[in-house]
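Coordinates from data-v3.tsv are shown below (TSV, C-alpha atoms).
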chain	number	residue	atom	x	y	z
Z	1	MET	CA	-2.25	25.03	2.37
Z	2	GLU	CA	-1.23	26.46	5.67
Z	3	LYS	CA	-3.14	23.88	7.68
Z	4	LEU	CA	-1.18	20.96	6.22
Z	5	GLU	CA	1.87	21.74	8.32
Z	6	HIS	CA	0.14	21.59	11.69
Z	7	GLU	CA	2.75	20.79	14.32
Z	8	LEU	CA	2.23	17.64	16.39
Z	9	TRP	CA	3.63	17.71	19.88
Z	10	ILE	CA	4.93	14.15	19.68
Z	11	VAL	CA	6.97	15.05	16.59
Z	12	GLN	CA	8.30	18.15	18.30
Z	13	ALA	CA	9.18	16.23	21.46
Z	14	VAL	CA	11.03	13.49	19.59
Z	15	ASN	CA	12.87	16.04	17.50
Z	16	ALA	CA	13.86	17.98	20.61
Z	17	ALA	CA	15.25	14.79	22.11
Z	18	PHE	CA	16.92	13.12	19.12
Z	19	GLY	CA	17.05	15.91	16.57
Z	20	PRO	CA	20.58	17.26	17.16
Z	21	ALA	CA	22.13	13.77	17.07
Z	22	VAL	CA	20.37	12.91	13.81
Z	23	ARG	CA	21.35	16.26	12.30
Z	24	ALA	CA	25.00	15.64	13.16
Z	25	VAL	CA	24.95	12.16	11.63
Z	26	LEU	CA	23.24	13.37	8.45
Z	27	ARG	CA	25.66	16.28	8.10
Z	28	ALA	CA	28.55	13.86	8.46
Z	29	LEU	CA	27.04	11.71	5.70
Z	30	GLY	CA	26.86	14.69	3.38
Z	31	ARG	CA	23.08	15.30	3.43
Z	32	PRO	CA	22.51	18.20	5.84
Z	33	VAL	CA	18.98	18.94	6.99
Z	34	PRO	CA	17.78	22.47	6.12
Z	35	GLU	CA	17.29	24.69	9.15
Z	36	GLY	CA	13.51	25.05	9.26
Z	37	ALA	CA	12.73	21.35	8.75
Z	38	HIS	CA	12.61	18.67	11.40
Z	39	ALA	CA	15.55	16.31	11.46
Z	40	ILE	CA	13.21	13.33	11.96
Z	41	PRO	CA	10.17	13.73	9.67
Z	42	ASP	CA	6.71	13.22	11.13
Z	43	TYR	CA	6.00	10.00	9.25
Z	44	LEU	CA	9.14	8.42	10.70
Z	45	VAL	CA	8.12	9.40	14.21
Z	46	MET	CA	4.67	7.93	13.65
Z	47	SER	CA	6.05	4.69	12.20
Z	48	ALA	CA	8.45	4.34	15.10
Z	49	LEU	CA	5.51	4.93	17.44
Z	50	ILE	CA	3.58	2.07	15.79
Z	51	VAL	CA	6.55	-0.27	16.08
Z	52	VAL	CA	7.26	0.58	19.71
Z	53	ALA	CA	3.60	0.38	20.72
Z	54	TRP	CA	3.02	-3.00	19.06
Z	55	ILE	CA	6.22	-4.48	20.47
Z	56	ALA	CA	5.10	-3.37	23.93
Z	57	VAL	CA	1.60	-4.84	23.42
Z	58	CYS	CA	2.95	-8.14	22.14
Z	59	LEU	CA	5.46	-8.48	24.97
Z	60	TRP	CA	2.72	-7.81	27.49
Z	61	LEU	CA	0.41	-10.32	25.79
Z	62	ARG	CA	3.08	-12.98	25.70
Z	63	SER	CA	3.30	-13.02	29.47
Z	64	ARG	CA	-0.42	-13.71	29.72
Z	65	LEU	CA	-0.73	-16.53	27.22
Z	66	SER	CA	-1.86	-19.88	28.53
Z	67	VAL	CA	-2.76	-23.17	26.89
Z	68	GLU	CA	-5.20	-24.55	29.45
Z	69	ARG	CA	-7.25	-21.47	30.28
Z	70	PRO	CA	-7.04	-18.95	27.47
Z	71	GLY	CA	-8.48	-15.53	28.20
Z	72	ARG	CA	-10.89	-13.78	25.85
Z	73	LEU	CA	-8.19	-11.68	24.24
Z	74	GLN	CA	-6.16	-14.76	23.44
Z	75	ILE	CA	-9.14	-16.47	21.81
Z	76	LEU	CA	-9.81	-13.33	19.79
Z	77	ILE	CA	-6.23	-13.17	18.56
Z	78	GLU	CA	-6.20	-16.88	17.72
Z	79	ASP	CA	-9.38	-16.40	15.71
Z	80	GLY	CA	-7.88	-13.51	13.81
Z	81	LEU	CA	-4.74	-15.48	13.08
Z	82	SER	CA	-6.68	-18.47	11.82
Z	83	LEU	CA	-8.69	-16.17	9.51
Z	84	MET	CA	-5.46	-14.79	8.11
Z	85	GLN	CA	-4.06	-18.30	7.80
Z	86	SER	CA	-7.09	-19.55	5.87
Z	87	MET	CA	-6.84	-16.60	3.48
Z	88	ILE	CA	-3.17	-17.38	2.86
Z	89	ASN	CA	-3.89	-21.07	2.35
Z	90	ASP	CA	-6.59	-20.22	-0.18
Z	91	TYR	CA	-4.15	-18.44	-2.42
Z	92	VAL	CA	-0.76	-19.94	-1.71
Z	93	GLY	CA	-1.69	-23.57	-1.22
Z	94	HIS	CA	-0.04	-25.86	1.23
Z	95	LYS	CA	3.08	-23.79	1.73
Z	96	GLY	CA	0.97	-21.18	3.50
Z	97	PRO	CA	2.07	-21.26	7.14
Z	98	ARG	CA	5.54	-19.86	6.54
Z	99	TYR	CA	4.17	-16.58	5.21
Z	100	LEU	CA	1.81	-15.93	8.09
Z	101	ALA	CA	4.29	-13.82	10.06
Z	102	ILE	CA	5.12	-11.22	7.42
Z	103	VAL	CA	1.58	-10.97	6.08
Z	104	THR	CA	0.08	-10.44	9.52
Z	105	THR	CA	2.77	-7.94	10.44
Z	106	MET	CA	2.11	-5.90	7.29
Z	107	PHE	CA	-1.61	-6.01	8.02
Z	108	VAL	CA	-1.18	-4.84	11.59
Z	109	PHE	CA	1.27	-2.10	10.63
Z	110	ILE	CA	-0.86	-0.75	7.80
Z	111	LEU	CA	-4.12	-0.98	9.75
Z	112	THR	CA	-2.66	0.87	12.74
Z	113	GLY	CA	-0.99	3.37	10.45
Z	114	ASN	CA	-4.24	4.09	8.63
Z	115	LEU	CA	-6.36	4.41	11.76
Z	116	MET	CA	-3.89	6.66	13.55
Z	117	GLY	CA	-4.86	9.60	11.40
Z	118	LEU	CA	-8.29	9.73	13.01
Z	119	VAL	CA	-6.86	10.23	16.48
Z	120	PRO	CA	-6.22	13.90	17.37
Z	121	GLY	CA	-2.55	14.51	17.95
Z	122	LEU	CA	-1.43	11.73	15.61
Z	123	LYS	CA	-1.02	11.54	11.85
Z	124	SER	CA	-1.13	8.55	9.50
Z	125	PRO	CA	2.33	7.53	8.37
Z	126	THR	CA	0.70	5.75	5.45
Z	127	GLY	CA	-0.52	9.12	4.22
Z	128	ASN	CA	3.01	9.72	2.99
Z	129	ILE	CA	4.24	8.19	-0.25
Z	130	ASN	CA	7.57	7.22	1.33
Z	131	VAL	CA	5.97	4.83	3.80
Z	132	THR	CA	3.62	3.20	1.31
Z	133	LEU	CA	6.38	2.87	-1.27
Z	134	GLY	CA	8.49	1.23	1.43
Z	135	CYS	CA	5.75	-1.29	2.16
Z	136	ALA	CA	5.21	-1.99	-1.55
Z	137	LEU	CA	8.93	-2.44	-2.22
Z	138	THR	CA	9.22	-4.79	0.75
Z	139	VAL	CA	6.41	-6.90	-0.65
Z	140	ALA	CA	7.93	-6.86	-4.14
Z	141	VAL	CA	11.41	-7.90	-3.00
Z	142	TYR	CA	9.92	-10.49	-0.67
Z	143	TYR	CA	7.77	-12.29	-3.20
Z	144	HIS	CA	10.52	-12.32	-5.83
Z	145	VAL	CA	13.01	-13.74	-3.35
Z	146	GLU	CA	10.50	-16.32	-2.15
Z	147	GLY	CA	9.71	-17.31	-5.71
Z	148	ILE	CA	13.40	-17.76	-6.51
Z	149	LYS	CA	13.95	-19.73	-3.32
Z	150	GLU	CA	11.02	-21.96	-4.15
Z	151	GLN	CA	11.60	-22.63	-7.81
Z	152	GLY	CA	15.24	-21.82	-8.42
Z	153	LEU	CA	16.43	-18.82	-10.40
Z	154	GLY	CA	16.31	-20.38	-13.87
Z	155	SER	CA	12.85	-21.87	-13.54
Z	156	TYR	CA	11.46	-18.67	-12.02
Z	157	LEU	CA	12.79	-16.54	-14.85
Z	158	LYS	CA	11.43	-19.01	-17.38
Z	159	HIS	CA	7.95	-18.38	-15.99
Z	160	PHE	CA	8.36	-14.76	-17.01
Z	161	ALA	CA	9.18	-15.70	-20.54
Z	162	ALA	CA	6.61	-18.40	-21.15
Z	163	PRO	CA	3.78	-19.42	-18.84
Z	164	PRO	CA	3.50	-23.18	-18.42
Z	165	GLY	CA	1.60	-24.79	-21.21
Z	166	ALA	CA	2.31	-22.08	-23.75
Z	167	PRO	CA	4.69	-22.48	-26.68
Z	168	LEU	CA	8.13	-20.94	-26.37
Z	169	PHE	CA	8.01	-18.57	-29.33
Z	170	ILE	CA	5.70	-16.09	-27.57
Z	171	ALA	CA	8.54	-15.25	-25.19
Z	172	PRO	CA	9.51	-11.94	-26.91
Z	173	ILE	CA	5.93	-10.72	-26.43
Z	174	MET	CA	5.41	-12.11	-22.95
Z	175	LEU	CA	8.64	-10.88	-21.43
Z	176	PRO	CA	8.07	-7.09	-21.69
Z	177	ILE	CA	4.43	-7.53	-20.69
Z	178	GLU	CA	5.37	-9.53	-17.62
Z	179	ILE	CA	8.11	-7.10	-16.59
Z	180	ILE	CA	5.81	-4.11	-16.94
Z	181	SER	CA	3.06	-5.88	-15.05
Z	182	HIS	CA	5.37	-6.70	-12.17
Z	183	LEU	CA	6.60	-3.10	-12.00
Z	184	SER	CA	3.03	-1.84	-12.11
Z	185	ARG	CA	2.22	-4.02	-9.10
Z	186	VAL	CA	4.65	-2.03	-6.97
Z	187	LEU	CA	3.27	1.24	-8.32
Z	188	SER	CA	-0.35	0.27	-7.82
Z	189	LEU	CA	0.16	-1.09	-4.29
Z	190	SER	CA	1.89	2.05	-3.11
Z	191	LEU	CA	-0.31	4.57	-4.93
Z	192	ARG	CA	-3.56	2.89	-3.94
Z	193	LEU	CA	-2.76	2.99	-0.24
Z	194	PHE	CA	-1.25	6.48	-0.40
Z	195	GLY	CA	-4.07	7.93	-2.46
Z	196	ASN	CA	-6.80	6.54	-0.25
Z	197	ILE	CA	-5.30	7.61	3.05
Z	198	PHE	CA	-3.93	10.97	1.94
Z	199	GLY	CA	-7.13	11.83	0.11
Z	200	GLU	CA	-9.24	10.93	3.15
Z	201	GLU	CA	-7.01	13.02	5.40
Z	202	LEU	CA	-7.20	15.98	3.03
Z	203	VAL	CA	-10.98	15.83	2.79
Z	204	ILE	CA	-11.35	15.74	6.57
Z	205	LEU	CA	-8.90	18.65	6.87
Z	206	ILE	CA	-10.85	20.70	4.34
Z	207	LEU	CA	-14.16	19.97	6.05
Z	208	PHE	CA	-12.65	21.00	9.35
Z	209	SER	CA	-11.57	24.31	7.89
Z	210	ILE	CA	-15.09	24.96	6.61
Z	211	ILE	CA	-17.44	23.66	9.32
Z	212	PRO	CA	-15.57	22.23	12.29
Z	213	PHE	CA	-18.62	21.28	14.28
Z	214	LEU	CA	-20.32	17.99	13.31
Z	215	VAL	CA	-19.85	17.73	9.59
Z	216	PRO	CA	-16.45	15.94	9.55
Z	217	VAL	CA	-17.83	13.02	11.59
Z	218	PRO	CA	-19.43	11.10	8.67
Z	219	MET	CA	-16.18	11.51	6.71
Z	220	MET	CA	-14.21	10.19	9.66
Z	221	PHE	CA	-16.53	7.20	9.82
Z	222	LEU	CA	-15.90	6.63	6.13
Z	223	GLY	CA	-12.23	6.96	7.01
Z	224	ILE	CA	-12.46	4.03	9.42
Z	225	ILE	CA	-14.07	1.86	6.74
Z	226	THR	CA	-11.54	2.86	4.10
Z	227	ALA	CA	-8.64	2.32	6.48
Z	228	SER	CA	-9.61	-1.27	7.30
Z	229	LEU	CA	-10.52	-2.10	3.71
Z	230	GLN	CA	-7.27	-0.74	2.30
Z	231	ALA	CA	-5.17	-2.62	4.84
Z	232	PHE	CA	-7.03	-5.84	4.02
Z	233	ILE	CA	-6.66	-5.30	0.29
Z	234	PHE	CA	-2.93	-4.67	0.64
Z	235	VAL	CA	-2.37	-8.01	2.33
Z	236	LEU	CA	-4.81	-9.79	0.01
Z	237	LEU	CA	-2.84	-8.63	-3.00
Z	238	THR	CA	0.41	-9.53	-1.23
Z	239	THR	CA	-0.91	-13.05	-0.73
Z	240	ILE	CA	-2.03	-13.31	-4.35
Z	241	TYR	CA	1.38	-12.20	-5.61
Z	242	LEU	CA	3.09	-14.62	-3.24
Z	243	GLY	CA	0.85	-17.40	-4.49
Z	244	GLY	CA	1.69	-16.56	-8.07
Z	245	ALA	CA	5.39	-16.54	-7.33
Z	246	VAL	CA	5.75	-19.76	-5.33
Z	247	ALA	CA	3.29	-21.97	-7.14
Z	248	THR	CA	5.16	-24.91	-8.62
Z	249	GLU	CA	4.37	-26.95	-11.72
Z	250	HIS	CA	1.94	-29.47	-10.31
Z	251	GLU	CA	-0.24	-26.95	-8.56
Z	252	HIS	CA	-0.04	-24.03	-10.93
Z	253	HIS	CA	-3.18	-21.95	-11.31
Z	254	GLU	CA	-4.18	-20.54	-14.68
Z	255	HIS	CA	-1.41	-18.09	-15.38
Z	256	GLY	CA	-3.87	-15.80	-17.09
Z	257	GLU	CA	-5.51	-15.22	-13.72
Z	258	MET	CA	-2.50	-13.35	-12.35
Z	259	VAL	CA	-2.08	-11.15	-15.40
Z	260	ALA	CA	-5.79	-10.35	-15.49
Z	261	GLY	CA	-5.77	-9.21	-11.89
Z	262	GLU	CA	-3.50	-6.30	-12.66
Z	263	VAL	CA	-4.08	-2.62	-12.60
N	1	MET	CA	26.61	-16.33	2.57
N	2	SER	CA	24.88	-18.45	-0.02
N	3	LYS	CA	23.49	-17.67	-3.42
N	4	ARG	CA	20.24	-16.82	-1.66
N	5	PHE	CA	21.92	-14.00	0.24
N	6	PHE	CA	23.42	-12.45	-2.87
N	7	VAL	CA	20.16	-12.72	-4.79
N	8	SER	CA	18.23	-10.93	-2.07
N	9	VAL	CA	20.85	-8.19	-1.73
N	10	GLY	CA	20.86	-7.77	-5.47
N	11	LEU	CA	17.11	-7.38	-5.60
N	12	ILE	CA	17.16	-4.81	-2.80
N	13	VAL	CA	19.80	-2.77	-4.63
N	14	LEU	CA	17.66	-2.96	-7.76
N	15	ALA	CA	14.66	-1.72	-5.82
N	16	ILE	CA	16.64	1.21	-4.44
N	17	GLY	CA	17.78	1.97	-7.95
N	18	PHE	CA	14.19	2.51	-8.96
N	19	VAL	CA	13.68	5.35	-6.50
N	20	SER	CA	16.96	7.18	-7.01
N	21	PRO	CA	15.71	9.10	-10.08
N	22	LEU	CA	13.33	10.91	-7.74
N	23	HIS	CA	16.27	12.86	-6.32
N	24	ALA	CA	16.91	14.42	-9.71
N	25	GLN	CA	13.71	16.42	-9.58
N	26	GLU	CA	14.70	18.47	-6.56
N	27	ALA	CA	17.19	20.45	-8.60
N	28	ALA	CA	14.74	21.44	-11.35
N	29	ALA	CA	14.02	25.16	-11.31
N	30	ARG	CA	10.44	26.34	-11.38
N	31	ALA	CA	9.76	29.00	-14.00
N	32	ALA	CA	6.65	31.12	-13.58
N	33	THR	CA	3.91	29.99	-15.92
N	34	SER	CA	1.09	32.13	-17.22
N	35	THR	CA	-2.20	32.33	-15.36
N	36	GLU	CA	-3.88	30.77	-18.36
N	37	VAL	CA	-1.94	27.54	-17.90
N	38	VAL	CA	-2.84	27.53	-14.21
N	39	ARG	CA	-6.51	28.05	-14.97
N	40	TRP	CA	-6.57	25.33	-17.59
N	41	SER	CA	-4.84	22.93	-15.24
N	42	ILE	CA	-7.50	23.49	-12.60
N	43	ILE	CA	-10.33	23.06	-15.12
N	44	THR	CA	-8.65	19.90	-16.42
N	45	ALA	CA	-8.36	18.51	-12.92
N	46	GLY	CA	-12.05	19.04	-12.32
N	47	PHE	CA	-13.11	17.42	-15.57
N	48	ALA	CA	-10.69	14.52	-15.16
N	49	LEU	CA	-12.10	13.73	-11.75
N	50	ALA	CA	-15.70	13.87	-12.99
N	51	ILE	CA	-14.98	11.53	-15.91
N	52	ALA	CA	-13.01	9.13	-13.72
N	53	ALA	CA	-15.73	9.03	-11.09
N	54	ALA	CA	-18.43	8.42	-13.71
N	55	PHE	CA	-16.67	5.54	-15.43
N	56	GLY	CA	-15.53	4.09	-12.13
N	57	ALA	CA	-19.06	4.11	-10.82
N	58	ILE	CA	-20.44	2.42	-13.95
N	59	SER	CA	-17.85	-0.36	-13.89
N	60	GLN	CA	-18.29	-0.98	-10.18
N	61	ALA	CA	-22.05	-1.09	-10.68
N	62	LYS	CA	-21.70	-3.74	-13.39
N	63	GLY	CA	-19.43	-5.82	-11.16
N	64	LEU	CA	-21.70	-5.42	-8.19
N	65	SER	CA	-24.83	-6.41	-10.09
N	66	ALA	CA	-23.12	-9.52	-11.45
N	67	ALA	CA	-21.95	-10.47	-7.97
N	68	VAL	CA	-25.36	-9.99	-6.38
N	69	GLU	CA	-26.98	-12.03	-9.13
N	70	GLY	CA	-24.42	-14.75	-8.55
N	71	ILE	CA	-25.23	-14.80	-4.85
N	72	ALA	CA	-28.95	-14.92	-5.65
N	73	ARG	CA	-28.45	-17.96	-7.86
N	74	ASN	CA	-26.14	-19.78	-5.49
N	75	PRO	CA	-26.41	-18.55	-1.90
N	76	SER	CA	-23.95	-21.11	-0.59
N	77	ALA	CA	-21.12	-19.50	-2.59
N	78	ALA	CA	-21.81	-16.09	-1.04
N	79	GLY	CA	-18.53	-15.97	0.89
N	80	GLU	CA	-16.32	-16.59	-2.13
N	81	ILE	CA	-18.32	-14.27	-4.35
N	82	ARG	CA	-18.09	-11.54	-1.74
N	83	GLY	CA	-14.32	-11.96	-1.55
N	84	ASN	CA	-13.91	-11.68	-5.32
N	85	LEU	CA	-16.31	-8.75	-5.40
N	86	ILE	CA	-14.31	-6.76	-2.85
N	87	LEU	CA	-11.09	-7.47	-4.69
N	88	GLY	CA	-12.57	-6.33	-8.00
N	89	LEU	CA	-14.12	-3.19	-6.54
N	90	VAL	CA	-10.87	-2.14	-4.94
N	91	LEU	CA	-8.90	-2.68	-8.14
N	92	ILE	CA	-11.35	-0.52	-10.11
N	93	GLU	CA	-11.40	2.07	-7.34
N	94	SER	CA	-7.64	2.36	-7.40
N	95	LEU	CA	-7.83	3.72	-10.95
N	96	VAL	CA	-10.15	6.48	-9.77
N	97	ILE	CA	-7.77	7.15	-6.88
N	98	TYR	CA	-4.91	7.70	-9.33
N	99	VAL	CA	-6.93	10.44	-11.05
N	100	LEU	CA	-7.80	11.90	-7.65
N	101	LEU	CA	-4.09	12.05	-6.85
N	102	ILE	CA	-3.33	14.00	-10.02
N	103	SER	CA	-6.20	16.38	-9.28
N	104	LEU	CA	-5.03	16.90	-5.71
N	105	ILE	CA	-1.53	17.61	-6.94
N	106	LEU	CA	-2.84	20.13	-9.47
N	107	PHE	CA	-5.00	21.85	-6.87
N	108	PHE	CA	-2.90	21.89	-3.75
N	109	VAL	CA	0.71	21.14	-4.51
N	110	LYS	CA	0.50	23.65	-7.37
N	111	PRO	CA	3.30	22.47	-9.60
N	112	PHE	CA	2.64	25.50	-11.82
N	113	PRO	CA	3.21	28.56	-9.65
N	114	VAL	CA	1.74	31.76	-11.01
What do you get writing this file as structure tokens?
Amino acid sequence: MEKLEHELWIVQAVNAAFGPAVRAVLRALGRPVPEGAHAIPDYLVMSALIVVAWIAVCLWLRSRLSVERPGRLQILIEDGLSLMQSMINDYVGHKGPRYLAIVTTMFVFILTGNLMGLVPGLKSPTGNINVTLGCALTVAVYYHVEGIKEQGLGSYLKHFAAPPGAPLFIAPIMLPIEIISHLSRVLSLSLRLFGNIFGEELVILILFSIIPFLVPVPMMFLGIITASLQAFIFVLLTTIYLGGAVATEHEHHEHGEMVAGEV
Amino acid sequence: MSKRFFVSVGLIVLAIGFVSPLHAQEAAARAATSTEVVRWSIITAGFALAIAAAFGAISQAKGLSAAVEGIARNPSAAGEIRGNLILGLVLIESLVIYVLLISLILFFVKPFPV
């Protein structure tokens, strides 16, 4: 589709500024960029934009925080954080507070990334499989590492073989099932987010090429709803997987609950 | 430089190992396929999407009706039921999205050039 490669001026500007340097580095590493393509792909430019914008917002906010007389924005942010904290505590238990930072950061990144596509001149980075796969792999590595840190390597691996309370001889059946289910978590997290955002973008694009006047607006409204819902679901599933990984013996949920919640 | 560090590095390397097979597909040549294969792939994509949407809608309707009935019986549990409902709906919806992805690939990325 010819419309899919619409040039964004931000991407062109960044490539004009940093393109030659990146091309030289990539050529030196043995992976030269073909001539017609941008050296820095559009999803990378958009992700960098999200990071830079949020760092700027947070630094500005930090200078206006106060304990005695909080402004409205501060109260709003504290409310949002406590909502996120209560969701984490529901699923992870009392070790919740240490995961607040990464979960909230993923939520903010994915929400901003999803909603950017509705702004003219910007494009959703999460509409590209590379970005969503990156987020899913981060979550996967993170919850495995946290589980190993929490329970020790041997005990964590034993949970794969035999859920607590089950006899040991079902290990040859459980092990492949558990491994496949953990791999499918990565696949489902990345594909769900990618499919929703890319599909939404494509539908809006197609509607624009048919009737550009008022018809895409309901689809863009649906896009706002889908964007927020998908970001929330991503972090909800992250929290559930974290809870499943770090739960120790005396507060273990029904292990069947985690397996049943799969794709 | 503890065991923790090596475990995390090892897991990251493993994760990268999962995506490296994707590079192999760039070198595959694309032979021209007959128009009949292209036509059948488009028809298949349409049917697949219709079937996926139908079954997805039925399963979500069953879940939704059970959730609403649960809220009607026990209005004080509405918040928890709503949370579980959203989670269930999104998990079912993701299956339909996978089929949508395949259909979009068949329609627009055109892996079978004529």
With all atoms listed in the file counted and 9 Å as the cut-off, give the residues of chain N in contact with chain Z, each with its shortest interatomic distance in Å and the pair that gives it, as CSV.
residue,atom,partner,partner_atom,distance
N:Arg4,CA,Z:Lys149,CA,7.1
N:Val7,CA,Z:Val145,CA,7.4
N:Ser8,CA,Z:Val145,CA,6.1
N:Leu11,CA,Z:Val141,CA,6.3
N:Ile12,CA,Z:Val141,CA,6.5
N:Ala15,CA,Z:Leu137,CA,6.8
N:Ile16,CA,Z:Leu137,CA,8.8
N:Ile86,CA,Z:Ile233,CA,8.4
N:Leu87,CA,Z:Ile233,CA,7.0
N:Gly88,CA,Z:Gly261,CA,8.3
N:Val90,CA,Z:Ile233,CA,7.4
N:Leu91,CA,Z:Val263,CA,6.6
N:Ile92,CA,Z:Val263,CA,8.0
N:Glu93,CA,Z:Arg192,CA,8.6
N:Ser94,CA,Z:Arg192,CA,5.4
N:Leu95,CA,Z:Val263,CA,7.5
N:Ile97,CA,Z:Gly195,CA,5.8
N:Tyr98,CA,Z:Gly195,CA,6.9
N:Leu100,CA,Z:Gly195,CA,7.5
N:Leu101,CA,Z:Gly195,CA,6.0
N:Leu104,CA,Z:Gly199,CA,8.0
N:Phe108,CA,Z:Met1,CA,6.9
N:Val109,CA,Z:Met1,CA,8.4
Point (-4.3, 27.4, -15.0) neighbourhood (12 Å, all atoms listed in the file) written as a PDB file with C-alpha atoms, keeping the file's coordinate frame:
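Output (selection26.pdb):
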ATOM      1  CA  ALA N  32       6.650  31.120 -13.580  1.00  0.00           C
ATOM      2  CA  THR N  33       3.910  29.990 -15.920  1.00  0.00           C
ATOM      3  CA  SER N  34       1.090  32.130 -17.220  1.00  0.00           C
ATOM      4  CA  THR N  35      -2.200  32.330 -15.360  1.00  0.00           C
ATOM      5  CA  GLU N  36      -3.880  30.770 -18.360  1.00  0.00           C
ATOM      6  CA  VAL N  37      -1.940  27.540 -17.900  1.00  0.00           C
ATOM      7  CA  VAL N  38      -2.840  27.530 -14.210  1.00  0.00           C
ATOM      8  CA  ARG N  39      -6.510  28.050 -14.970  1.00  0.00           C
ATOM      9  CA  TRP N  40      -6.570  25.330 -17.590  1.00  0.00           C
ATOM     10  CA  SER N  41      -4.840  22.930 -15.240  1.00  0.00           C
ATOM     11  CA  ILE N  42      -7.500  23.490 -12.600  1.00  0.00           C
ATOM     12  CA  ILE N  43     -10.330  23.060 -15.120  1.00  0.00           C
ATOM     13  CA  THR N  44      -8.650  19.900 -16.420  1.00  0.00           C
ATOM     14  CA  ALA N  45      -8.360  18.510 -12.920  1.00  0.00           C
ATOM     15  CA  GLY N  46     -12.050  19.040 -12.320  1.00  0.00           C
ATOM     16  CA  LEU N 106      -2.840  20.130  -9.470  1.00  0.00           C
ATOM     17  CA  PHE N 107      -5.000  21.850  -6.870  1.00  0.00           C
ATOM     18  CA  LYS N 110       0.500  23.650  -7.370  1.00  0.00           C
ATOM     19  CA  PRO N 111       3.300  22.470  -9.600  1.00  0.00           C
ATOM     20  CA  PHE N 112       2.640  25.500 -11.820  1.00  0.00           C
ATOM     21  CA  PRO N 113       3.210  28.560  -9.650  1.00  0.00           C
ATOM     22  CA  VAL N 114       1.740  31.760 -11.010  1.00  0.00           C
TER      23      VAL N 114
END
Centre and size of axis-aligned box enclosing stretch 44-50 of chain N plus 4 Å each side, as JSON:
{"center_x": -12.0, "center_y": 16.8, "center_z": -14.1, "size_x": 15.3, "size_y": 14.2, "size_z": 12.7}
#### Entry: All residues 8 Å or closer to stretch 156-162 of chain Z, only C-alpha atoms, same chain fewer than 4 positions away omitted, as a PyMOL selection string
chain Z and resi 147-148+151-152+166-168+170-172+174-175+178-179+245
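Remark: for Z:Leu81, the closest of the candidate residues Z:Arg69, Z:Ala28, Z:Thr104, Z:Arg62 is Z:Thr104 (distances computed over all atoms listed in the file).
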### Message
Quick one: residues within 8 Å of Z:Val22, all atoms listed in the file, excluding same-chain residues fewer than 4 positions away - as an MDAnalysis selection string?
### Response
chainID Z and resid 18 26 39:40
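By all atoms listed in the file, and with residues fewer than 3 positions from stretch 53-65 of chain N along its chain excluded, the set lying at most 9 Å from it is Ala48, Leu49, Ala50, Val68, Glu69, Gly70, Leu85, Gly88, Leu89, Ile92, Glu93, Leu95, Val96 and Val99 of chain N.
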### Message
I'd like the contact shell of Z:Phe109 - 9 Å cut-off, all atoms listed in the file, skipping same-chain residues fewer than 4 positions apart - returned as an NGL selection string.
### Response
:Z and (47 or 50-51 or 54 or 104-105 or 113-114 or 231)
### Task
Dig up all the protein and nucleic acid residues within 12 Å of (-6.1, -15.6, 10.4) in the file frame, using all atoms listed in the file, and format them as an MDAnalysis selection string.
chainID Z and resid 75:90 96:97 99:101 103:105 107:108 232 235:236
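Taking atom CA of Z:Asn15 and atom CA of Z:Ile197 as the two end points, the separation is 24.7 Å.
In this structure, atom CA of Z:Ile210 sits 21.2 Å away from atom CA of Z:Leu8.
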### Query
Which residue, Z:Gly121, Z:Gly243, Z:Pro163, Z:Gly19, has the smallest gap to Z:Glu7 when you use all atoms listed in the file?
Z:Gly121
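In this structure, atom CA of Z:Pro120 sits 17.0 Å away from atom CA of Z:Ala53.
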